[in-house]
Amino acid sequence: MKKTIRDFDLSNKRVIIRCDLNVPLKNGVILDDNRIKKSIDTINYAIEKGAKVIILSHLGRIKSKEDKINNSLYPISIRLSELLKRNVIFVNETRGLVLEKTINNMNPGDVVLVENTRYEDFPLKKESNNDKELGKYWASLADIFINDAFATSHRMHASNVGIASNIPSGIGFLVEKEINILGDFLSSPLRPYVVIMGGAKISDKIKVIDKLVNKADYILLGGGIANTFLKAKGNDLKESIYDAENIDFAKEMLNKYPNKIVLPVDGYGSLAYQDGLDVVYNDTNDISSGIMLLDIGPKTIELFSKYINNAKTVFWNGPLGVSEFKNFEYGTKQVCELLKQSSAKVVIGGGDSAASVIRFGYDKFFDHISTGGGASLEFIEGKKLPGIEIIEEK
Ligand code: ADP
Ligand code: MG
């Protein structure tokens, strides 16, 4: 068992909480504050126990100076302060005198939010490559480290593994809940156990299937992942997205597990990746020229329903089509409806999947919406997550 925040005396201690405040932002406006809300319980607990709370988080990816301007955590500090109903001191740098002085001047119950940890990724990828000096430096600012960022726990970064290698560490309430719920999926899923995968981050996720196929009874595929398998089967996908580098892998999976991997038989597409154009219906064996498949169709839903209706456990990651476009929300919505009607235990993981389920109003019918996409997939595949492994045992 990993140590949790409850296992430490926090009074008057400087406590770094690694949160995942990586919310969607447009022109400095927060589009969805779900991840900030999910971080509140752990932060409030630390405040109540008299800790000096130092929050670290990343936001987006930082590959240029321009990215820094667009991905400051400043707007998040404002929302965080509203949700905590107290002042949040924002420090607009990731290291240096101002940060050190601000922390030295903290009183118990104070909250400091440090600028985006990935500012350290430009020009050198110090955060993402777990630069030893950086982890040591951040650790030097605190007495205790708490990892509450489940969604980045599958990465070995300076702001999780780096800090935890240097000072006493535990997990926060969010990570604790995630590993409890997802742990059941790993150790004792009720069967049939069905995994549904879709989305566009194909190369990130496709390899998970190798292990997952031995844990689950069936894997139903949609989105870009399914396209890669259809391509491997020899279908002419015309303009649809797929991952050319993983076609051989997909072929191998289809050869080994022909009855476990279930692919779409039909879908909807259009001439471009755009909403509002004419919607074209196609069999996946016969896609019209110039068409990009952007959703699964009714025959696929019919096929999927046979598996979902019998399932006792379902894990779903990745929308089955471009669910943010009105014209291509069909497949994702229909699967929500099938899951609502099934008696299976249902867990959804992944930023875009969760956002769609919430937008369509189905979140209340499911057992858990995980904050992790890649992290939750790797966890239920049985992989050890470095950000959790590094935390001390009780
Ligand atoms: P999650 O965030 O749930 O882990 P991903 O980030 O992998 O999921 O993928 C989500 C994205 O996949 C969405 O923006 C969606 O529009 C896109 N997508 C789904 N199906 C397709 C498709 N057939 N073609 C192109 N993009 C797709
Ligand atoms: Mg996503």
# chains A, B, ... in the order shown; residues from 1 in each chain; ligands from 1

call {"tool": "closest_atom_pairs", "arguments": {"of": "chain A", "to": "ligand 2", "cutoff": "8 Å", "atoms": "only C-alpha atoms and all ligand atoms", "output": "CSV"}}
result
residue,atom,partner,partner_atom_place_in_ligand_line,distance
A:Gly199,CA,ligand 2,1 (Mg),7.3
A:Ala200,CA,ligand 2,1 (Mg),7.5
A:Lys201,CA,ligand 2,1 (Mg),7.0
A:Gly318,CA,ligand 2,1 (Mg),7.4
A:Gly350,CA,ligand 2,1 (Mg),6.1
A:Gly351,CA,ligand 2,1 (Mg),5.0
A:Asp352,CA,ligand 2,1 (Mg),4.7
A:Ser353,CA,ligand 2,1 (Mg),7.4
A:Gly373,CA,ligand 2,1 (Mg),7.2

call {"tool": "residues_near_ligand", "arguments": {"ligand": "ligand 1", "cutoff": "9 Å", "atoms": "only C-alpha atoms and all ligand atoms", "output": "PyMOL selection string"}}
result
chain A and resi 197-202+204-205+222-227+240-242+267-269+273+292-296+316-325+328+348-356+372-374

call {"tool": "residues_around", "arguments": {"residues": "stretch 53-68 of chain A", "least_positions_apart": "2", "cutoff": "9 Å", "atoms": "only C-alpha atoms", "output": "MDAnalysis selection string"}}
result
chainID A and resid 13:24 43 46:47 50:51 70:73 103 106 108:123 125 141:142 149 159

call {"tool": "select_by_dssp", "arguments": {"residues": "stretch 210-317 of chain A", "states": "strand (DSSP E or B)", "output": "list of chain:residue names"}}
result
A:Tyr218, A:Ile219, A:Leu220, A:Leu221, A:Ile261, A:Val262, A:Asp266, A:Gly267, A:Tyr268, A:Gly269, A:Ser270, A:Val280, A:Tyr281, A:Asn282, A:Asp283, A:Asp286, A:Met292, A:Leu293, A:Leu294, A:Asp295, A:Ile296, A:Thr313, A:Val314, A:Phe315, A:Trp316, A:Asn317

call {"tool": "residues_around", "arguments": {"residues": "A:Ala158", "least_positions_apart": "5", "cutoff": "10 Å", "atoms": "only C-alpha atoms", "output": "list in words"}}
result
Thr117, Arg118, Glu120, Lys126, Glu127, Ser128, Asn129, Asn130, Asp131, Lys132, Glu133, Leu134, Gly135, Lys136, Tyr137, Trp138, Ala139, Ile163, Ala164, Ser165 and Gly387 of chain A

call {"tool": "residues_around", "arguments": {"residues": "A:Asp367", "least_positions_apart": "6", "cutoff": "12 Å", "atoms": "only C-alpha atoms", "output": "ChimeraX atom specification"}}
result
/A:178,181-182,313-316,339-340,343-349

call {"tool": "write_last_selection", "arguments": {"atoms": "N, CA, C and O atoms", "output": "short mmCIF file (atom, residue, chain, number, x, y, z; two decimals), in the first residue's frame"}}
result
data_model
loop_
_atom_site.label_atom_id
_atom_site.label_comp_id
_atom_site.auth_asym_id
_atom_site.auth_seq_id
_atom_site.Cartn_x
_atom_site.Cartn_y
_atom_site.Cartn_z
N GLU A 178 -8.56 6.74 -7.82
CA GLU A 178 -8.32 6.15 -9.15
C GLU A 178 -7.72 4.76 -9.02
O GLU A 178 -8.17 3.83 -9.69
N ILE A 181 -10.33 2.15 -7.69
CA ILE A 181 -11.36 1.74 -8.65
C ILE A 181 -10.74 0.97 -9.82
O ILE A 181 -11.21 -0.10 -10.19
N LEU A 182 -9.68 1.51 -10.38
CA LEU A 182 -9.06 0.85 -11.53
C LEU A 182 -8.37 -0.45 -11.12
O LEU A 182 -8.26 -1.38 -11.91
N THR A 313 -18.49 -5.86 -17.08
CA THR A 313 -17.50 -4.81 -16.80
C THR A 313 -17.15 -4.15 -18.13
O THR A 313 -16.89 -4.85 -19.11
N VAL A 314 -17.14 -2.80 -18.14
CA VAL A 314 -16.75 -2.09 -19.36
C VAL A 314 -15.78 -0.97 -19.02
O VAL A 314 -16.02 -0.18 -18.10
N PHE A 315 -14.69 -0.93 -19.74
CA PHE A 315 -13.79 0.23 -19.67
C PHE A 315 -13.78 0.87 -21.05
O PHE A 315 -13.59 0.19 -22.05
N TRP A 316 -13.96 2.20 -21.06
CA TRP A 316 -14.05 2.89 -22.36
C TRP A 316 -13.10 4.08 -22.40
O TRP A 316 -13.14 4.93 -21.52
N LEU A 339 -24.53 1.79 -22.89
CA LEU A 339 -23.92 1.59 -21.57
C LEU A 339 -24.88 1.97 -20.45
O LEU A 339 -24.92 1.34 -19.40
N LYS A 340 -25.68 2.98 -20.71
CA LYS A 340 -26.69 3.40 -19.72
C LYS A 340 -27.66 2.24 -19.46
O LYS A 340 -28.05 1.98 -18.32
N SER A 343 -26.20 -3.45 -17.48
CA SER A 343 -26.05 -3.53 -16.03
C SER A 343 -24.56 -3.59 -15.66
O SER A 343 -24.21 -3.80 -14.51
N ALA A 344 -23.69 -3.42 -16.64
CA ALA A 344 -22.26 -3.54 -16.39
C ALA A 344 -21.74 -2.40 -15.51
O ALA A 344 -22.31 -1.32 -15.48
N LYS A 345 -20.64 -2.69 -14.84
CA LYS A 345 -19.90 -1.63 -14.16
C LYS A 345 -19.12 -0.90 -15.25
O LYS A 345 -18.41 -1.53 -16.04
N VAL A 346 -19.29 0.44 -15.30
CA VAL A 346 -18.71 1.19 -16.42
C VAL A 346 -17.74 2.26 -15.91
O VAL A 346 -18.09 3.08 -15.06
N VAL A 347 -16.54 2.24 -16.44
CA VAL A 347 -15.58 3.31 -16.16
C VAL A 347 -15.12 3.93 -17.48
O VAL A 347 -14.82 3.22 -18.44
N ILE A 348 -15.11 5.26 -17.50
CA ILE A 348 -14.67 5.99 -18.68
C ILE A 348 -13.34 6.66 -18.34
O ILE A 348 -13.21 7.24 -17.26
N GLY A 349 -12.38 6.62 -19.25
CA GLY A 349 -11.12 7.31 -19.01
C GLY A 349 -10.75 8.15 -20.22
O GLY A 349 -11.08 7.80 -21.35
#

call {"tool": "closest_residue", "arguments": {"among": "A:Asn180, A:Thr102, A:Ile390, A:Asp217", "to": "A:Ile167", "atoms": "only C-alpha atoms"}}
result
A:Ile390

call {"tool": "closest_residue", "arguments": {"among": "A:Ala244, A:Leu237, A:Leu174, A:Leu84", "to": "A:Asn282", "atoms": "only C-alpha atoms"}}
result
A:Leu237

call {"tool": "decode", "arguments": {"residues": "stretch 93-120 of chain A", "atoms": "N, CA and C atoms", "output": "JSON list (two decimals), in the first residue's frame"}}
result
[["chain", "number", "residue", "atom", "x", "y", "z"],
["A", 93, "GLU", "N", 7.03, 32.07, -12.20],
["A", 93, "GLU", "CA", 8.26, 31.42, -12.63],
["A", 93, "GLU", "C", 8.35, 30.05, -11.99],
["A", 94, "THR", "N", 9.20, 29.19, -12.56],
["A", 94, "THR", "CA", 9.31, 27.82, -12.05],
["A", 94, "THR", "C", 10.53, 27.63, -11.17],
["A", 95, "ARG", "N", 11.36, 28.66, -11.07],
["A", 95, "ARG", "CA", 12.52, 28.60, -10.17],
["A", 95, "ARG", "C", 13.02, 30.02, -9.94],
["A", 96, "GLY", "N", 13.85, 30.20, -8.91],
["A", 96, "GLY", "CA", 14.49, 31.50, -8.71],
["A", 96, "GLY", "C", 14.12, 32.15, -7.39],
["A", 97, "LEU", "N", 14.66, 33.36, -7.22],
["A", 97, "LEU", "CA", 14.56, 34.06, -5.94],
["A", 97, "LEU", "C", 13.15, 34.40, -5.53],
["A", 98, "VAL", "N", 12.34, 34.85, -6.50],
["A", 98, "VAL", "CA", 10.96, 35.24, -6.14],
["A", 98, "VAL", "C", 10.20, 34.03, -5.60],
["A", 99, "LEU", "N", 10.35, 32.91, -6.29],
["A", 99, "LEU", "CA", 9.68, 31.68, -5.84],
["A", 99, "LEU", "C", 10.17, 31.29, -4.44],
["A", 100, "GLU", "N", 11.48, 31.31, -4.25],
["A", 100, "GLU", "CA", 12.05, 30.89, -2.97],
["A", 100, "GLU", "C", 11.60, 31.81, -1.83],
["A", 101, "LYS", "N", 11.63, 33.13, -2.11],
["A", 101, "LYS", "CA", 11.21, 34.10, -1.08],
["A", 101, "LYS", "C", 9.74, 33.93, -0.75],
["A", 102, "THR", "N", 8.92, 33.75, -1.79],
["A", 102, "THR", "CA", 7.48, 33.60, -1.56],
["A", 102, "THR", "C", 7.23, 32.40, -0.65],
["A", 103, "ILE", "N", 7.92, 31.30, -0.92],
["A", 103, "ILE", "CA", 7.72, 30.10, -0.09],
["A", 103, "ILE", "C", 8.23, 30.33, 1.33],
["A", 104, "ASN", "N", 9.37, 31.03, 1.46],
["A", 104, "ASN", "CA", 9.90, 31.32, 2.80],
["A", 104, "ASN", "C", 8.95, 32.16, 3.64],
["A", 105, "ASN", "N", 8.17, 32.99, 2.96],
["A", 105, "ASN", "CA", 7.25, 33.89, 3.68],
["A", 105, "ASN", "C", 5.87, 33.28, 3.93],
["A", 106, "MET", "N", 5.68, 32.02, 3.55],
["A", 106, "MET", "CA", 4.33, 31.42, 3.70],
["A", 106, "MET", "C", 3.98, 31.16, 5.15],
["A", 107, "ASN", "N", 2.68, 31.27, 5.45],
["A", 107, "ASN", "CA", 2.15, 30.88, 6.75],
["A", 107, "ASN", "C", 1.34, 29.59, 6.57],
["A", 108, "PRO", "N", 1.12, 28.84, 7.66],
["A", 108, "PRO", "CA", 0.28, 27.64, 7.54],
["A", 108, "PRO", "C", -1.07, 28.01, 6.92],
["A", 109, "GLY", "N", -1.54, 27.19, 5.98],
["A", 109, "GLY", "CA", -2.82, 27.46, 5.32],
["A", 109, "GLY", "C", -2.69, 28.28, 4.04],
["A", 110, "ASP", "N", -1.51, 28.88, 3.81],
["A", 110, "ASP", "CA", -1.31, 29.63, 2.57],
["A", 110, "ASP", "C", -1.20, 28.68, 1.38],
["A", 111, "VAL", "N", -1.62, 29.20, 0.21],
["A", 111, "VAL", "CA", -1.53, 28.39, -1.01],
["A", 111, "VAL", "C", -0.75, 29.16, -2.08],
["A", 112, "VAL", "N", 0.29, 28.51, -2.59],
["A", 112, "VAL", "CA", 1.07, 29.09, -3.69],
["A", 112, "VAL", "C", 0.90, 28.20, -4.92],
["A", 113, "LEU", "N", 0.60, 28.82, -6.06],
["A", 113, "LEU", "CA", 0.60, 28.07, -7.32],
["A", 113, "LEU", "C", 1.80, 28.53, -8.13],
["A", 114, "VAL", "N", 2.65, 27.56, -8.48],
["A", 114, "VAL", "CA", 3.87, 27.83, -9.24],
["A", 114, "VAL", "C", 3.53, 27.76, -10.74],
["A", 115, "GLU", "N", 4.21, 28.55, -11.54],
["A", 115, "GLU", "CA", 3.98, 28.56, -13.00],
["A", 115, "GLU", "C", 4.17, 27.15, -13.60],
["A", 116, "ASN", "N", 3.52, 26.95, -14.73],
["A", 116, "ASN", "CA", 3.53, 25.71, -15.52],
["A", 116, "ASN", "C", 4.88, 24.97, -15.49],
["A", 117, "THR", "N", 4.89, 23.75, -14.95],
["A", 117, "THR", "CA", 6.15, 23.00, -14.82],
["A", 117, "THR", "C", 6.83, 22.80, -16.17],
["A", 118, "ARG", "N", 6.03, 22.80, -17.25],
["A", 118, "ARG", "CA", 6.63, 22.55, -18.57],
["A", 118, "ARG", "C", 7.31, 23.80, -19.17],
["A", 119, "TYR", "N", 7.27, 24.93, -18.46],
["A", 119, "TYR", "CA", 8.14, 26.04, -18.87],
["A", 119, "TYR", "C", 9.58, 25.55, -18.88],
["A", 120, "GLU", "N", 9.86, 24.55, -18.05],
["A", 120, "GLU", "CA", 11.20, 23.97, -17.98],
["A", 120, "GLU", "C", 11.51, 23.09, -19.20]]
